Amino acid sequence: MDYLGFGYALTVATGGVIGYVKAGSTMSLLAGLLFGGLSAFGAYQTSQDPGNYLVLLLSSGFLGGLMGYRAIRKRKFMPAGLVATLSILMVIRLVPRLLK
C-alpha cells in the first residue's frame, strides 16, 4: 500500500478545498480535486504494481513545477511553496524507480 502517495493525494485535494473555502477560488477547488484525484489513482496503481508509478510521477512533477513557479513569482511560501515542496519530494521518491 502506497501510504505516502495516498497521503500526498489527500493533502493536494484538501488544499484545493481549503483554497475554495477561504478565498472562494473555484480554480483551487478544481485543480486540487483534479490533481488530488490523479495522484490518488497513481498511488492506487503503485500499490497494485510498484513498477506502475508513471501517473503519480507525472502528476506530482507537473504540479511541483506549476506551484514552484507560482511560489517564486508571488514570493510567498504558502500555499504554493508547500505544495511545490511536497510535489518535489514525491518526484524525488519516484525517480529512482524510473532509473532502474
# chains A, B, ... in the order shown; residues from 1 in each chain; ligands from 1
call {"tool": "closest_atom_pairs", "arguments": {"of": "stretch 7-29 of chain A", "to": "stretch 74-86 of chain A", "cutoff": "10 Å", "atoms": "only C-alpha atoms", "output": "JSON lines"}}
result
{"residue": "A:Tyr8", "atom": "CA", "partner": "A:Leu86", "partner_atom": "CA", "distance": 7.4}
{"residue": "A:Thr11", "atom": "CA", "partner": "A:Val83", "partner_atom": "CA", "distance": 8.6}
{"residue": "A:Val12", "atom": "CA", "partner": "A:Val83", "partner_atom": "CA", "distance": 7.2}
{"residue": "A:Gly15", "atom": "CA", "partner": "A:Pro79", "partner_atom": "CA", "distance": 8.1}
{"residue": "A:Gly19", "atom": "CA", "partner": "A:Pro79", "partner_atom": "CA", "distance": 8.9}
call {"tool": "atom_distance", "arguments": {"atom1": "atom CA of A:Ser28", "atom2": "atom CA of A:Asn52"}}
result
27.9 Å
call {"tool": "select_by_dssp", "arguments": {"residues": "chain A", "states": "helix (DSSP H, G or I)", "output": "ChimeraX atom specification"}}
result
/A:3-23,26-48,54-74,80-98
call {"tool": "write_last_selection", "arguments": {"atoms": "C-alpha atoms", "output": "mmCIF file, in the first residue's frame"}}
result
data_model
loop_
_atom_site.group_PDB
_atom_site.id
_atom_site.type_symbol
_atom_site.label_atom_id
_atom_site.label_comp_id
_atom_site.auth_asym_id
_atom_site.auth_seq_id
_atom_site.Cartn_x
_atom_site.Cartn_y
_atom_site.Cartn_z
ATOM 1 C CA TYR A 3 0.582 5.338 2.118
ATOM 2 C CA LEU A 4 2.822 8.265 1.172
ATOM 3 C CA GLY A 5 1.184 8.520 -2.250
ATOM 4 C CA PHE A 6 -2.318 8.457 -0.795
ATOM 5 C CA GLY A 7 -1.306 10.999 1.874
ATOM 6 C CA TYR A 8 0.092 13.280 -0.815
ATOM 7 C CA ALA A 9 -3.113 12.938 -2.858
ATOM 8 C CA LEU A 10 -5.262 13.721 0.180
ATOM 9 C CA THR A 11 -3.130 16.761 1.010
ATOM 10 C CA VAL A 12 -3.433 18.129 -2.540
ATOM 11 C CA ALA A 13 -7.203 17.618 -2.650
ATOM 12 C CA THR A 14 -7.672 19.106 0.821
ATOM 13 C CA GLY A 15 -5.594 22.137 -0.180
ATOM 14 C CA GLY A 16 -7.927 22.753 -3.107
ATOM 15 C CA VAL A 17 -10.968 22.606 -0.837
ATOM 16 C CA ILE A 18 -9.343 24.957 1.683
ATOM 17 C CA GLY A 19 -8.478 27.400 -1.127
ATOM 18 C CA TYR A 20 -12.111 27.395 -2.170
ATOM 19 C CA VAL A 21 -13.472 27.826 1.358
ATOM 20 C CA LYS A 22 -11.027 30.573 2.403
ATOM 21 C CA ALA A 23 -10.720 32.560 -0.832
ATOM 22 C CA THR A 26 -13.059 27.784 -7.878
ATOM 23 C CA MET A 27 -9.786 27.148 -9.722
ATOM 24 C CA SER A 28 -8.141 25.997 -6.481
ATOM 25 C CA LEU A 29 -11.007 23.603 -5.891
ATOM 26 C CA LEU A 30 -10.946 22.210 -9.429
ATOM 27 C CA ALA A 31 -7.145 21.922 -9.582
ATOM 28 C CA GLY A 32 -6.938 20.405 -6.097
ATOM 29 C CA LEU A 33 -9.576 17.805 -6.862
ATOM 30 C CA LEU A 34 -8.141 17.062 -10.319
ATOM 31 C CA PHE A 35 -4.539 16.640 -9.184
ATOM 32 C CA GLY A 36 -5.561 15.003 -5.908
ATOM 33 C CA GLY A 37 -7.662 12.520 -7.876
ATOM 34 C CA LEU A 38 -4.883 11.845 -10.384
ATOM 35 C CA SER A 39 -2.417 11.366 -7.556
ATOM 36 C CA ALA A 40 -4.786 9.031 -5.698
ATOM 37 C CA PHE A 41 -5.221 6.983 -8.871
ATOM 38 C CA GLY A 42 -1.442 6.922 -9.287
ATOM 39 C CA ALA A 43 -0.992 5.834 -5.668
ATOM 40 C CA TYR A 44 -3.544 3.073 -6.226
ATOM 41 C CA GLN A 45 -1.677 1.905 -9.328
ATOM 42 C CA THR A 46 1.623 1.964 -7.449
ATOM 43 C CA SER A 47 0.030 -0.033 -4.628
ATOM 44 C CA GLN A 48 -1.063 -2.708 -7.095
ATOM 45 C CA LEU A 54 4.012 6.937 -14.097
ATOM 46 C CA VAL A 55 0.681 8.669 -13.312
ATOM 47 C CA LEU A 56 1.846 9.640 -9.821
ATOM 48 C CA LEU A 57 5.228 10.784 -11.123
ATOM 49 C CA LEU A 58 3.758 12.916 -13.910
ATOM 50 C CA SER A 59 1.022 14.491 -11.801
ATOM 51 C CA SER A 60 3.384 15.371 -8.942
ATOM 52 C CA GLY A 61 6.054 16.589 -11.360
ATOM 53 C CA PHE A 62 3.648 18.878 -13.216
ATOM 54 C CA LEU A 63 2.120 20.192 -10.001
ATOM 55 C CA GLY A 64 5.565 20.739 -8.476
ATOM 56 C CA GLY A 65 6.693 22.789 -11.456
ATOM 57 C CA LEU A 66 3.497 24.837 -11.657
ATOM 58 C CA MET A 67 3.285 25.579 -7.954
ATOM 59 C CA GLY A 68 7.023 26.208 -7.709
ATOM 60 C CA TYR A 69 6.672 28.838 -10.438
ATOM 61 C CA ARG A 70 3.748 30.439 -8.591
ATOM 62 C CA ALA A 71 5.629 30.475 -5.273
ATOM 63 C CA ILE A 72 8.654 32.152 -6.848
ATOM 64 C CA ARG A 73 6.550 34.642 -8.787
ATOM 65 C CA LYS A 74 4.476 35.662 -5.760
ATOM 66 C CA ALA A 80 2.118 27.254 -3.454
ATOM 67 C CA GLY A 81 5.573 26.718 -1.951
ATOM 68 C CA LEU A 82 4.314 23.993 0.379
ATOM 69 C CA VAL A 83 2.577 22.129 -2.455
ATOM 70 C CA ALA A 84 5.679 22.542 -4.645
ATOM 71 C CA THR A 85 7.907 21.169 -1.880
ATOM 72 C CA LEU A 86 5.668 18.149 -1.254
ATOM 73 C CA SER A 87 5.411 17.515 -5.000
ATOM 74 C CA ILE A 88 9.172 17.704 -5.500
ATOM 75 C CA LEU A 89 9.677 15.302 -2.591
ATOM 76 C CA MET A 90 7.236 12.891 -4.255
ATOM 77 C CA VAL A 91 9.162 13.165 -7.526
ATOM 78 C CA ILE A 92 12.446 12.533 -5.705
ATOM 79 C CA ARG A 93 10.858 9.455 -4.146
ATOM 80 C CA LEU A 94 9.748 8.087 -7.532
ATOM 81 C CA VAL A 95 12.689 8.969 -9.796
ATOM 82 C CA PRO A 96 14.882 6.055 -8.619
ATOM 83 C CA ARG A 97 12.205 3.681 -9.961
ATOM 84 C CA LEU A 98 12.489 5.414 -13.324
#
